[in-house]
Amino acid sequence: MKLVIAEKPSVAMSLAAVLGANEKKDGYMEGGGYLVSWCVGHLLELVQPEAYGEQYARWRYGDLPILPETWKYEVPKDKKKQLDLLCQLMKDK
C-alpha cells in the first residue's frame with residue numbers, strides 16, 4: 001500500500017477518486033493499492049511563549065526575540081485523533 005496525505009479532506013477525496021481508493025474508513029480512504037488521508041489544518045502548533053519560562057507570560061520588548069535552543073510543539077486537542085491516525089498509517093506496512 002502507498003500512503004498519500006493531502007492538505008485537507010476535499011483534496012484527499014479528489015485524489016482518492018482518481019487513485020481508485022473508494023472504500024471509506026474512519027479518517028482515510030482505501031483501495032487500488034492506496035491509503036489516502038488528510039490533514040485538518042495545522043496538526044502541530046508552536047507552544048505559547050510562557051511554556052519556555054514564566055517571564056514570557058507577559059510580552060515585553062526587552063524579551064524579544066525569544067529564540068529557544070529547542071522549539072516546543074503541541075497538538076491541538078481537536079487535531080489529535082487525525083494526527084494519531086496519520087502516525088499509525090505511516091508506521092503500518
# chains A, B, ... in the order shown; residues from 1 in each chain; ligands from 1
$ residues_around --residues "stretch 40-46 of chain A" --least-positions-apart "4" --cutoff "12 Å" --atoms "only C-alpha atoms" --output "CSV table (one decimal) with C-alpha atoms, in the first residue's frame"
chain,number,residue,atom,x,y,z
A,5,ILE,CA,-1.6,12.6,2.6
A,6,ALA,CA,-3.4,15.6,1.4
A,7,GLU,CA,-3.7,19.1,2.9
A,8,LYS,CA,-7.4,18.8,3.5
A,9,PRO,CA,-10.3,16.3,3.2
A,10,SER,CA,-11.7,17.8,-0.1
A,11,VAL,CA,-8.3,17.4,-1.8
A,12,ALA,CA,-8.0,13.9,-0.4
A,27,GLY,CA,-10.2,9.3,8.7
A,50,GLU,CA,5.2,31.1,28.7
A,51,ALA,CA,6.0,27.4,28.0
A,52,TYR,CA,9.7,28.5,27.8
A,68,PRO,CA,14.8,28.9,22.4
A,70,THR,CA,14.8,23.7,21.2
A,71,TRP,CA,11.4,24.6,19.8
A,72,LYS,CA,8.4,23.1,21.6
A,73,TYR,CA,5.2,22.0,19.8
A,74,GLU,CA,1.8,20.9,20.9
A,75,VAL,CA,-1.1,19.1,19.2
A,76,PRO,CA,-4.4,21.0,19.3
A,77,LYS,CA,-7.0,18.8,21.1
A,78,ASP,CA,-9.3,18.8,18.1
A,79,LYS,CA,-6.5,17.5,15.8
A,80,LYS,CA,-5.1,14.8,18.0
A,81,LYS,CA,-7.3,12.0,16.6
A,82,GLN,CA,-6.3,12.7,13.0
A,83,LEU,CA,-2.6,13.1,13.9
A,84,ASP,CA,-2.6,9.7,15.7
A,85,LEU,CA,-4.3,8.1,12.7
A,86,LEU,CA,-1.7,9.5,10.3
A,87,CYS,CA,1.1,8.3,12.6
$ closest_residue --among "A:Gly20, A:Pro49, A:Leu15, A:Leu35" --to "A:Lys93" --atoms "only C-alpha atoms"
A:Leu35
$ atom_distance --atom1 "atom CA of A:Lys91" --atom2 "atom CA of A:Gly31"
18.1 Å
$ select_by_dssp --residues "stretch 22-90 of chain A" --states "strand (DSSP E or B)" --output "CSV table (one decimal) with C-alpha atoms, in the first residue's frame"
chain,number,residue,atom,x,y,z
A,23,GLU,CA,-13.6,2.4,0.5
A,24,LYS,CA,-14.3,4.9,3.2
A,28,TYR,CA,-9.0,7.9,5.4
A,29,MET,CA,-9.9,6.2,2.1
A,30,GLU,CA,-8.6,2.8,0.9
A,31,GLY,CA,-8.4,1.0,-2.4
A,34,TYR,CA,-3.6,3.3,-1.8
A,35,LEU,CA,-4.4,4.8,1.5
A,36,VAL,CA,-5.5,8.4,1.1
A,37,SER,CA,-5.8,10.5,4.2
A,38,TRP,CA,-5.6,14.2,5.1
A,45,GLU,CA,1.5,24.3,16.6
A,46,LEU,CA,4.2,26.1,18.5
A,73,TYR,CA,5.2,22.0,19.8
A,74,GLU,CA,1.8,20.9,20.9
$ select_by_dssp --residues "stretch 31-88 of chain A" --states "helix (DSSP H, G or I)" --output "PyMOL selection string"
chain A and resi 49-52+54-56+61-63+77-88
$ write_last_selection --atoms "C-alpha atoms" --output "PDB file, in the first residue's frame"
ATOM      1  CA  PRO A  49       5.898  31.747  24.972  1.00  0.00           C
ATOM      2  CA  GLU A  50       5.206  31.075  28.663  1.00  0.00           C
ATOM      3  CA  ALA A  51       5.997  27.389  28.033  1.00  0.00           C
ATOM      4  CA  TYR A  52       9.656  28.492  27.816  1.00  0.00           C
ATOM      5  CA  GLU A  54       7.149  32.341  33.308  1.00  0.00           C
ATOM      6  CA  GLN A  55       8.955  35.560  32.401  1.00  0.00           C
ATOM      7  CA  TYR A  56       7.433  35.300  28.913  1.00  0.00           C
ATOM      8  CA  TYR A  61      10.030  44.321  24.016  1.00  0.00           C
ATOM      9  CA  GLY A  62      13.148  43.610  26.049  1.00  0.00           C
ATOM     10  CA  ASP A  63      12.471  39.858  25.868  1.00  0.00           C
ATOM     11  CA  LYS A  77      -6.984  18.849  21.058  1.00  0.00           C
ATOM     12  CA  ASP A  78      -9.297  18.841  18.051  1.00  0.00           C
ATOM     13  CA  LYS A  79      -6.498  17.530  15.780  1.00  0.00           C
ATOM     14  CA  LYS A  80      -5.102  14.760  17.982  1.00  0.00           C
ATOM     15  CA  LYS A  81      -7.280  11.971  16.576  1.00  0.00           C
ATOM     16  CA  GLN A  82      -6.271  12.705  12.972  1.00  0.00           C
ATOM     17  CA  LEU A  83      -2.579  13.070  13.853  1.00  0.00           C
ATOM     18  CA  ASP A  84      -2.649   9.742  15.718  1.00  0.00           C
ATOM     19  CA  LEU A  85      -4.299   8.112  12.710  1.00  0.00           C
ATOM     20  CA  LEU A  86      -1.695   9.525  10.315  1.00  0.00           C
ATOM     21  CA  CYS A  87       1.128   8.304  12.557  1.00  0.00           C
ATOM     22  CA  GLN A  88      -0.470   4.848  12.632  1.00  0.00           C
TER      23      GLN A  88
END
$ atom_distance --atom1 "atom CA of A:Lys2" --atom2 "atom CA of A:Asp26"
17.4 Å
